[in-house]
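Down below is the structure, laid out as structure tokens.
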Amino acid sequence: MPLDLYYLDASPPVRAVLLAGKTLGVEFNLKFVDLFKLEQRSPEFLKINPRHTVPTLVDDGFVLWDSHAIVGYLANKYGKDDSLYPKDPKARAIVDEMLHFDNGTLFPRLRNITFPLLFRGKKELSPEAKQEVEEAYAFMEKFLEERAWVAGNNMTIADFCCVSSITSLECLVPGIASHPKLAAWVEKCKRNMVGYEEANQKGLDNFNLYVRKARGEA
Ligand SMILES: N[C@@H](CCC(=O)N[C@@H](CS)C(=O)NCC(=O)O)C(=O)O
């Protein structure tokens, strides 16, 4: 049975799932959901995901609607070994910690800026929102002083989630270049993640275009 993935590639959590799919060799049956036309609020989609968000994965009737849960599920189900999502309790706890960091810090800070810009016509970034993003970069820099990848010495599912959020934040608040460890990690993700160009860069370019259009720059 193919895995259905409801998606819009500009969405950072969707791109995290696409990155996981590439590394794990999972093919998705992609189903486009146009958030700009509020298709996520259609009765058909709400029946699948009452939380009305993308990504939403449907595996033979089994539904998951959070990217962090989805990448964990895919790694558990399709990983040839446990390197992407370790079974060792401590190593796994660090991966989970970074998944929660993405879900609880990076993504909400990104959404705080993106939602008013793309859906509420707000053009200016508040100094507080900008400061929060800069603080998030500084957190990442600190974590990466200790580790080669965000959750240890090899790539894990947490890298997929963090890189899609961080590269999206950079479109709104440029600042990665002044954090050497963070900048080096982003480059490492680009070089080492299977299918990075198709899974993250393509949707990131679309995200950037939406942002520039909303700001009247494109
Ligand atoms: N925590 C969720 C966040 C998903 C999310 O908020 N997706 C946005 C797009 S980036 C969305 O679908 N928003 C539409 C809506 O909330 O109606 C995840 O990681 O999957």
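In the structure tokens, chains take letters A, B, ... by order of appearance, with residues numbered from 1 within each chain and ligands from 1 in the order shown.
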Could I get the residues of segment 51-140 of chain A with an atom no further than 6 Å from an atom of segment 152-169 of chain A, each paired with its nearest atom pair and that distance in Å to one decimal, using only C-alpha atoms, sorted by chain and residue number, as a tab-separated table?
```
residue	atom	partner	partner_atom	distance
A:Leu84	CA	A:Thr156	CA	4.0
A:Tyr85	CA	A:Thr156	CA	6.0
A:Val95	CA	A:Ala158	CA	5.8
A:Met98	CA	A:Ala158	CA	5.8
A:Leu99	CA	A:Ala158	CA	5.3
A:Asp102	CA	A:Cys162	CA	5.8
A:Leu110	CA	A:Leu169	CA	6.0
```
Using the selection just defined, write its residues with all heavy atoms as a PDB file, in the first residue's frame.
```pdb
ATOM      1  N   LEU A  84      18.998   6.596  12.571  1.00  0.00           N
ATOM      2  CA  LEU A  84      18.206   7.825  12.452  1.00  0.00           C
ATOM      3  C   LEU A  84      17.360   8.095  13.692  1.00  0.00           C
ATOM      4  O   LEU A  84      17.007   9.239  13.977  1.00  0.00           O
ATOM      5  CB  LEU A  84      17.262   7.743  11.247  1.00  0.00           C
ATOM      6  CG  LEU A  84      17.856   7.932   9.864  1.00  0.00           C
ATOM      7  CD1 LEU A  84      16.778   7.727   8.806  1.00  0.00           C
ATOM      8  CD2 LEU A  84      18.490   9.309   9.693  1.00  0.00           C
ATOM      9  N   TYR A  85      17.031   7.002  14.403  1.00  0.00           N
ATOM     10  CA  TYR A  85      16.208   7.154  15.620  1.00  0.00           C
ATOM     11  C   TYR A  85      16.636   6.041  16.593  1.00  0.00           C
ATOM     12  O   TYR A  85      16.016   4.977  16.642  1.00  0.00           O
ATOM     13  CB  TYR A  85      14.728   7.050  15.255  1.00  0.00           C
ATOM     14  CG  TYR A  85      13.780   7.598  16.303  1.00  0.00           C
ATOM     15  CD1 TYR A  85      14.202   8.531  17.249  1.00  0.00           C
ATOM     16  CD2 TYR A  85      12.440   7.199  16.345  1.00  0.00           C
ATOM     17  CE1 TYR A  85      13.326   9.042  18.192  1.00  0.00           C
ATOM     18  CE2 TYR A  85      11.550   7.703  17.279  1.00  0.00           C
ATOM     19  CZ  TYR A  85      12.008   8.626  18.200  1.00  0.00           C
ATOM     20  OH  TYR A  85      11.139   9.129  19.141  1.00  0.00           O
ATOM     21  N   VAL A  95      17.421  12.787  20.873  1.00  0.00           N
ATOM     22  CA  VAL A  95      16.709  13.017  19.602  1.00  0.00           C
ATOM     23  C   VAL A  95      15.313  13.586  19.901  1.00  0.00           C
ATOM     24  O   VAL A  95      14.885  14.588  19.311  1.00  0.00           O
ATOM     25  CB  VAL A  95      16.602  11.715  18.764  1.00  0.00           C
ATOM     26  CG1 VAL A  95      15.771  11.949  17.508  1.00  0.00           C
ATOM     27  CG2 VAL A  95      17.993  11.203  18.393  1.00  0.00           C
ATOM     28  N   MET A  98      15.372  17.193  20.860  1.00  0.00           N
ATOM     29  CA  MET A  98      15.536  18.127  19.741  1.00  0.00           C
ATOM     30  C   MET A  98      14.272  18.179  18.864  1.00  0.00           C
ATOM     31  O   MET A  98      13.984  19.213  18.266  1.00  0.00           O
ATOM     32  CB  MET A  98      16.779  17.770  18.920  1.00  0.00           C
ATOM     33  CG  MET A  98      18.088  18.054  19.639  1.00  0.00           C
ATOM     34  SD  MET A  98      18.236  19.761  20.293  1.00  0.00           S
ATOM     35  CE  MET A  98      18.247  20.710  18.782  1.00  0.00           C
ATOM     36  N   LEU A  99      13.526  17.073  18.806  1.00  0.00           N
ATOM     37  CA  LEU A  99      12.239  17.124  18.092  1.00  0.00           C
ATOM     38  C   LEU A  99      11.292  18.075  18.832  1.00  0.00           C
ATOM     39  O   LEU A  99      10.598  18.890  18.221  1.00  0.00           O
ATOM     40  CB  LEU A  99      11.604  15.731  17.999  1.00  0.00           C
ATOM     41  CG  LEU A  99      12.321  14.694  17.123  1.00  0.00           C
ATOM     42  CD1 LEU A  99      11.664  13.314  17.269  1.00  0.00           C
ATOM     43  CD2 LEU A  99      12.301  15.103  15.644  1.00  0.00           C
ATOM     44  N   ASP A 102      12.310  21.633  18.227  1.00  0.00           N
ATOM     45  CA  ASP A 102      11.776  22.140  16.957  1.00  0.00           C
ATOM     46  C   ASP A 102      10.290  22.479  17.107  1.00  0.00           C
ATOM     47  O   ASP A 102       9.847  23.572  16.750  1.00  0.00           O
ATOM     48  CB  ASP A 102      11.966  21.117  15.828  1.00  0.00           C
ATOM     49  CG  ASP A 102      11.405  21.653  14.520  1.00  0.00           C
ATOM     50  OD1 ASP A 102      11.858  22.742  14.095  1.00  0.00           O
ATOM     51  OD2 ASP A 102      10.499  21.030  13.938  1.00  0.00           O
ATOM     52  N   LEU A 110       8.830  30.575  14.101  1.00  0.00           N
ATOM     53  CA  LEU A 110       8.667  30.758  12.663  1.00  0.00           C
ATOM     54  C   LEU A 110       7.212  31.101  12.339  1.00  0.00           C
ATOM     55  O   LEU A 110       6.912  32.032  11.590  1.00  0.00           O
ATOM     56  CB  LEU A 110       9.083  29.451  11.965  1.00  0.00           C
ATOM     57  CG  LEU A 110       8.914  29.333  10.457  1.00  0.00           C
ATOM     58  CD1 LEU A 110       9.758  30.364   9.734  1.00  0.00           C
ATOM     59  CD2 LEU A 110       9.332  27.932  10.001  1.00  0.00           C
TER      60      LEU A 110
END
```
Quick one: residues within 6 Å of Thr56 of chain A, only C-alpha atoms counted, chain neighbours fewer than 3 positions away excluded, as a ChimeraX atom specification?
/A:5-6,64-65
Can you write out the residues you just picked, keeping all heavy atoms, as a JSON list (two decimals), in the first residue's frame?
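Listing of selection-v3.json after writing:
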```json
[["chain", "number", "residue", "atom", "x", "y", "z"],
["A", 5, "LEU", "N", 0.69, 11.20, 1.42],
["A", 5, "LEU", "CA", 1.18, 12.34, 2.19],
["A", 5, "LEU", "C", 0.49, 13.60, 1.68],
["A", 5, "LEU", "O", 0.68, 14.01, 0.53],
["A", 5, "LEU", "CB", 2.71, 12.49, 2.05],
["A", 5, "LEU", "CG", 3.31, 13.64, 2.86],
["A", 5, "LEU", "CD1", 3.19, 13.37, 4.37],
["A", 5, "LEU", "CD2", 4.77, 13.89, 2.49],
["A", 6, "TYR", "N", -0.34, 14.16, 2.54],
["A", 6, "TYR", "CA", -0.99, 15.45, 2.23],
["A", 6, "TYR", "C", 0.04, 16.53, 2.51],
["A", 6, "TYR", "O", 0.63, 16.55, 3.60],
["A", 6, "TYR", "CB", -2.25, 15.62, 3.08],
["A", 6, "TYR", "CG", -3.33, 14.64, 2.68],
["A", 6, "TYR", "CD1", -3.32, 13.33, 3.17],
["A", 6, "TYR", "CD2", -4.33, 15.00, 1.79],
["A", 6, "TYR", "CE1", -4.29, 12.41, 2.78],
["A", 6, "TYR", "CE2", -5.31, 14.08, 1.39],
["A", 6, "TYR", "CZ", -5.28, 12.80, 1.89],
["A", 6, "TYR", "OH", -6.24, 11.89, 1.51],
["A", 64, "LEU", "N", -1.47, 9.95, 10.76],
["A", 64, "LEU", "CA", -0.62, 10.75, 11.67],
["A", 64, "LEU", "C", -0.57, 12.17, 11.13],
["A", 64, "LEU", "O", -0.39, 12.37, 9.93],
["A", 64, "LEU", "CB", 0.81, 10.18, 11.70],
["A", 64, "LEU", "CG", 1.10, 8.97, 12.58],
["A", 64, "LEU", "CD1", 2.55, 8.53, 12.38],
["A", 64, "LEU", "CD2", 0.85, 9.27, 14.06],
["A", 65, "TRP", "N", -0.68, 13.15, 12.04],
["A", 65, "TRP", "CA", -0.73, 14.53, 11.54],
["A", 65, "TRP", "C", 0.30, 15.45, 12.20],
["A", 65, "TRP", "O", 0.13, 16.67, 12.18],
["A", 65, "TRP", "CB", -2.14, 15.12, 11.68],
["A", 65, "TRP", "CG", -2.78, 14.95, 13.02],
["A", 65, "TRP", "CD1", -3.78, 14.06, 13.33],
["A", 65, "TRP", "CD2", -2.51, 15.67, 14.22],
["A", 65, "TRP", "NE1", -4.12, 14.19, 14.66],
["A", 65, "TRP", "CE2", -3.37, 15.17, 15.22],
["A", 65, "TRP", "CE3", -1.63, 16.70, 14.57],
["A", 65, "TRP", "CZ2", -3.37, 15.66, 16.54],
["A", 65, "TRP", "CZ3", -1.62, 17.18, 15.88],
["A", 65, "TRP", "CH2", -2.48, 16.65, 16.84]]
```
Work out how far atom CA of Phe207 of chain A is from atom CA of Glu39 of chain A, in Å to one decimal.
17.9 Å
Output the neighbourhood of ligand 1 as a ChimeraX atom specification, that is, all protein and nucleic acid residues with some atom at most 6 Å from the ligand, counting only C-alpha atoms and all ligand atoms.
/A:11-13,52-55,65-68,103
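Comparing the minimum interatomic distances between Glu141 of chain A and each of A:Trp185, A:Glu170, A:Lys122, A:Thr114, counting only C-alpha atoms, we find that A:Trp185 sits nearest.
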Rank A:Gly175, A:Ser126, A:Leu182, A:Gly121 by their smallest atom-to-atom distance to Glu146 of chain A, using only C-alpha atoms, and report the top residue only.
A:Leu182
I'd like to know which residues of segment 4-213 of chain A are strand (DSSP E) (by DSSP, run on the backbone); could you write them as JSON, numbers by chain?
{"A": [4, 5, 6, 7, 28, 29, 30, 31, 32, 56, 57, 58, 59, 62, 63, 64]}
Could you please take those selected residues and save all heavy atoms as a tab-separated table (two decimals), in the first residue's frame?
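For reference, again14.tsv as written:
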```tsv
chain	number	residue	atom	x	y	z
A	4	ASP	N	0.05	7.77	1.65
A	4	ASP	CA	-0.45	9.07	1.19
A	4	ASP	C	0.15	10.16	2.07
A	4	ASP	O	0.11	10.07	3.30
A	4	ASP	CB	-1.98	9.14	1.32
A	4	ASP	CG	-2.67	8.25	0.30
A	4	ASP	OD1	-2.03	7.88	-0.72
A	4	ASP	OD2	-3.85	7.91	0.53
A	5	LEU	N	0.69	11.20	1.42
A	5	LEU	CA	1.18	12.34	2.19
A	5	LEU	C	0.49	13.60	1.68
A	5	LEU	O	0.68	14.01	0.53
A	5	LEU	CB	2.71	12.49	2.05
A	5	LEU	CG	3.31	13.64	2.86
A	5	LEU	CD1	3.19	13.37	4.37
A	5	LEU	CD2	4.77	13.89	2.49
A	6	TYR	N	-0.34	14.16	2.54
A	6	TYR	CA	-0.99	15.45	2.23
A	6	TYR	C	0.04	16.53	2.51
A	6	TYR	O	0.63	16.55	3.60
A	6	TYR	CB	-2.25	15.62	3.08
A	6	TYR	CG	-3.33	14.64	2.68
A	6	TYR	CD1	-3.32	13.33	3.17
A	6	TYR	CD2	-4.33	15.00	1.79
A	6	TYR	CE1	-4.29	12.41	2.78
A	6	TYR	CE2	-5.31	14.08	1.39
A	6	TYR	CZ	-5.28	12.80	1.89
A	6	TYR	OH	-6.24	11.89	1.51
A	7	TYR	N	0.24	17.41	1.54
A	7	TYR	CA	1.41	18.29	1.63
A	7	TYR	C	1.21	19.61	0.91
A	7	TYR	O	0.28	19.77	0.09
A	7	TYR	CB	2.63	17.57	1.03
A	7	TYR	CG	2.74	17.76	-0.48
A	7	TYR	CD1	3.76	18.51	-1.02
A	7	TYR	CD2	1.76	17.24	-1.33
A	7	TYR	CE1	3.84	18.73	-2.40
A	7	TYR	CE2	1.84	17.45	-2.69
A	7	TYR	CZ	2.87	18.20	-3.22
A	7	TYR	OH	2.93	18.43	-4.56
A	28	PHE	N	6.22	8.51	-1.48
A	28	PHE	CA	4.90	8.96	-1.04
A	28	PHE	C	3.98	9.14	-2.24
A	28	PHE	O	4.42	9.55	-3.31
A	28	PHE	CB	5.00	10.31	-0.32
A	28	PHE	CG	5.84	10.29	0.92
A	28	PHE	CD1	7.04	10.98	0.98
A	28	PHE	CD2	5.42	9.58	2.05
A	28	PHE	CE1	7.82	10.97	2.12
A	28	PHE	CE2	6.20	9.57	3.19
A	28	PHE	CZ	7.40	10.26	3.24
A	29	ASN	N	2.72	8.88	-1.98
A	29	ASN	CA	1.70	9.28	-2.94
A	29	ASN	C	1.28	10.69	-2.51
A	29	ASN	O	0.53	10.87	-1.55
A	29	ASN	CB	0.55	8.27	-2.82
A	29	ASN	CG	-0.60	8.62	-3.72
A	29	ASN	OD1	-0.41	9.25	-4.76
A	29	ASN	ND2	-1.80	8.22	-3.32
A	30	LEU	N	1.83	11.71	-3.20
A	30	LEU	CA	1.66	13.10	-2.74
A	30	LEU	C	0.29	13.66	-3.10
A	30	LEU	O	-0.15	13.55	-4.25
A	30	LEU	CB	2.76	13.97	-3.36
A	30	LEU	CG	4.18	13.70	-2.86
A	30	LEU	CD1	5.19	14.51	-3.66
A	30	LEU	CD2	4.32	14.01	-1.37
A	31	LYS	N	-0.34	14.26	-2.09
A	31	LYS	CA	-1.67	14.85	-2.31
A	31	LYS	C	-1.61	16.32	-1.90
A	31	LYS	O	-1.46	16.61	-0.69
A	31	LYS	CB	-2.73	14.10	-1.49
A	31	LYS	CG	-2.95	12.69	-2.02
A	31	LYS	CD	-3.92	11.92	-1.14
A	31	LYS	CE	-4.32	10.60	-1.76
A	31	LYS	NZ	-5.51	10.63	-2.59
A	32	PHE	N	-1.67	17.20	-2.89
A	32	PHE	CA	-1.49	18.63	-2.65
A	32	PHE	C	-2.69	19.23	-1.91
A	32	PHE	O	-3.85	18.97	-2.25
A	32	PHE	CB	-1.32	19.33	-4.01
A	32	PHE	CG	-1.11	20.80	-3.90
A	32	PHE	CD1	0.04	21.31	-3.31
A	32	PHE	CD2	-2.06	21.68	-4.39
A	32	PHE	CE1	0.24	22.69	-3.22
A	32	PHE	CE2	-1.86	23.05	-4.30
A	32	PHE	CZ	-0.72	23.56	-3.71
A	56	THR	N	0.13	15.52	6.63
A	56	THR	CA	-0.70	14.46	7.20
A	56	THR	C	-0.37	13.19	6.42
A	56	THR	O	-0.37	13.19	5.19
A	56	THR	CB	-2.21	14.79	7.05
A	56	THR	OG1	-2.50	15.98	7.76
A	56	THR	CG2	-3.08	13.67	7.59
A	57	LEU	N	-0.04	12.15	7.17
A	57	LEU	CA	0.32	10.87	6.56
A	57	LEU	C	-0.81	9.87	6.76
A	57	LEU	O	-1.36	9.79	7.86
A	57	LEU	CB	1.60	10.32	7.22
A	57	LEU	CG	2.14	9.02	6.65
A	57	LEU	CD1	3.01	9.29	5.42
A	57	LEU	CD2	2.96	8.25	7.68
A	58	VAL	N	-1.14	9.15	5.69
A	58	VAL	CA	-2.13	8.07	5.83
A	58	VAL	C	-1.49	6.79	5.31
A	58	VAL	O	-1.14	6.69	4.13
A	58	VAL	CB	-3.44	8.38	5.06
A	58	VAL	CG1	-4.46	7.26	5.31
A	58	VAL	CG2	-4.02	9.72	5.49
A	59	ASP	N	-1.30	5.85	6.22
A	59	ASP	CA	-0.69	4.57	5.88
A	59	ASP	C	-1.76	3.48	6.03
A	59	ASP	O	-2.03	3.04	7.14
A	59	ASP	CB	0.50	4.31	6.84
A	59	ASP	CG	1.19	2.98	6.55
A	59	ASP	OD1	0.78	2.27	5.60
A	59	ASP	OD2	2.14	2.64	7.29
A	62	PHE	N	-4.18	4.27	8.61
A	62	PHE	CA	-3.58	4.78	9.85
A	62	PHE	C	-3.11	6.21	9.60
A	62	PHE	O	-2.32	6.47	8.70
A	62	PHE	CB	-2.40	3.89	10.25
A	62	PHE	CG	-1.61	4.40	11.43
A	62	PHE	CD1	-2.15	4.42	12.70
A	62	PHE	CD2	-0.29	4.87	11.26
A	62	PHE	CE1	-1.42	4.89	13.78
A	62	PHE	CE2	0.44	5.34	12.33
A	62	PHE	CZ	-0.13	5.35	13.60
A	63	VAL	N	-3.64	7.15	10.43
A	63	VAL	CA	-3.38	8.58	10.19
A	63	VAL	C	-2.45	9.18	11.24
A	63	VAL	O	-2.62	8.95	12.44
A	63	VAL	CB	-4.71	9.38	10.21
A	63	VAL	CG1	-4.46	10.87	9.97
A	63	VAL	CG2	-5.70	8.84	9.18
A	64	LEU	N	-1.47	9.95	10.76
A	64	LEU	CA	-0.62	10.75	11.67
A	64	LEU	C	-0.57	12.17	11.13
A	64	LEU	O	-0.39	12.37	9.93
A	64	LEU	CB	0.81	10.18	11.70
A	64	LEU	CG	1.10	8.97	12.58
A	64	LEU	CD1	2.55	8.53	12.38
A	64	LEU	CD2	0.85	9.27	14.06
```
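Here atom CA of Ala129 of chain A is placed at a distance of 20.0 Å from atom CA of Gly216 of chain A.
Comparing the minimum interatomic distances between Ala16 of chain A and each of A:Tyr137, A:Phe107, A:Phe119, A:Phe45, counting only C-alpha atoms, we find that A:Phe107 sits nearest.
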Could you go through segment 12-104 of chain A and tell me which residues DSSP, when run on the backbone, assigns to alpha helix (DSSP H), listing them as a ChimeraX atom specification?
/A:12-24,43-48,67-78,89-101
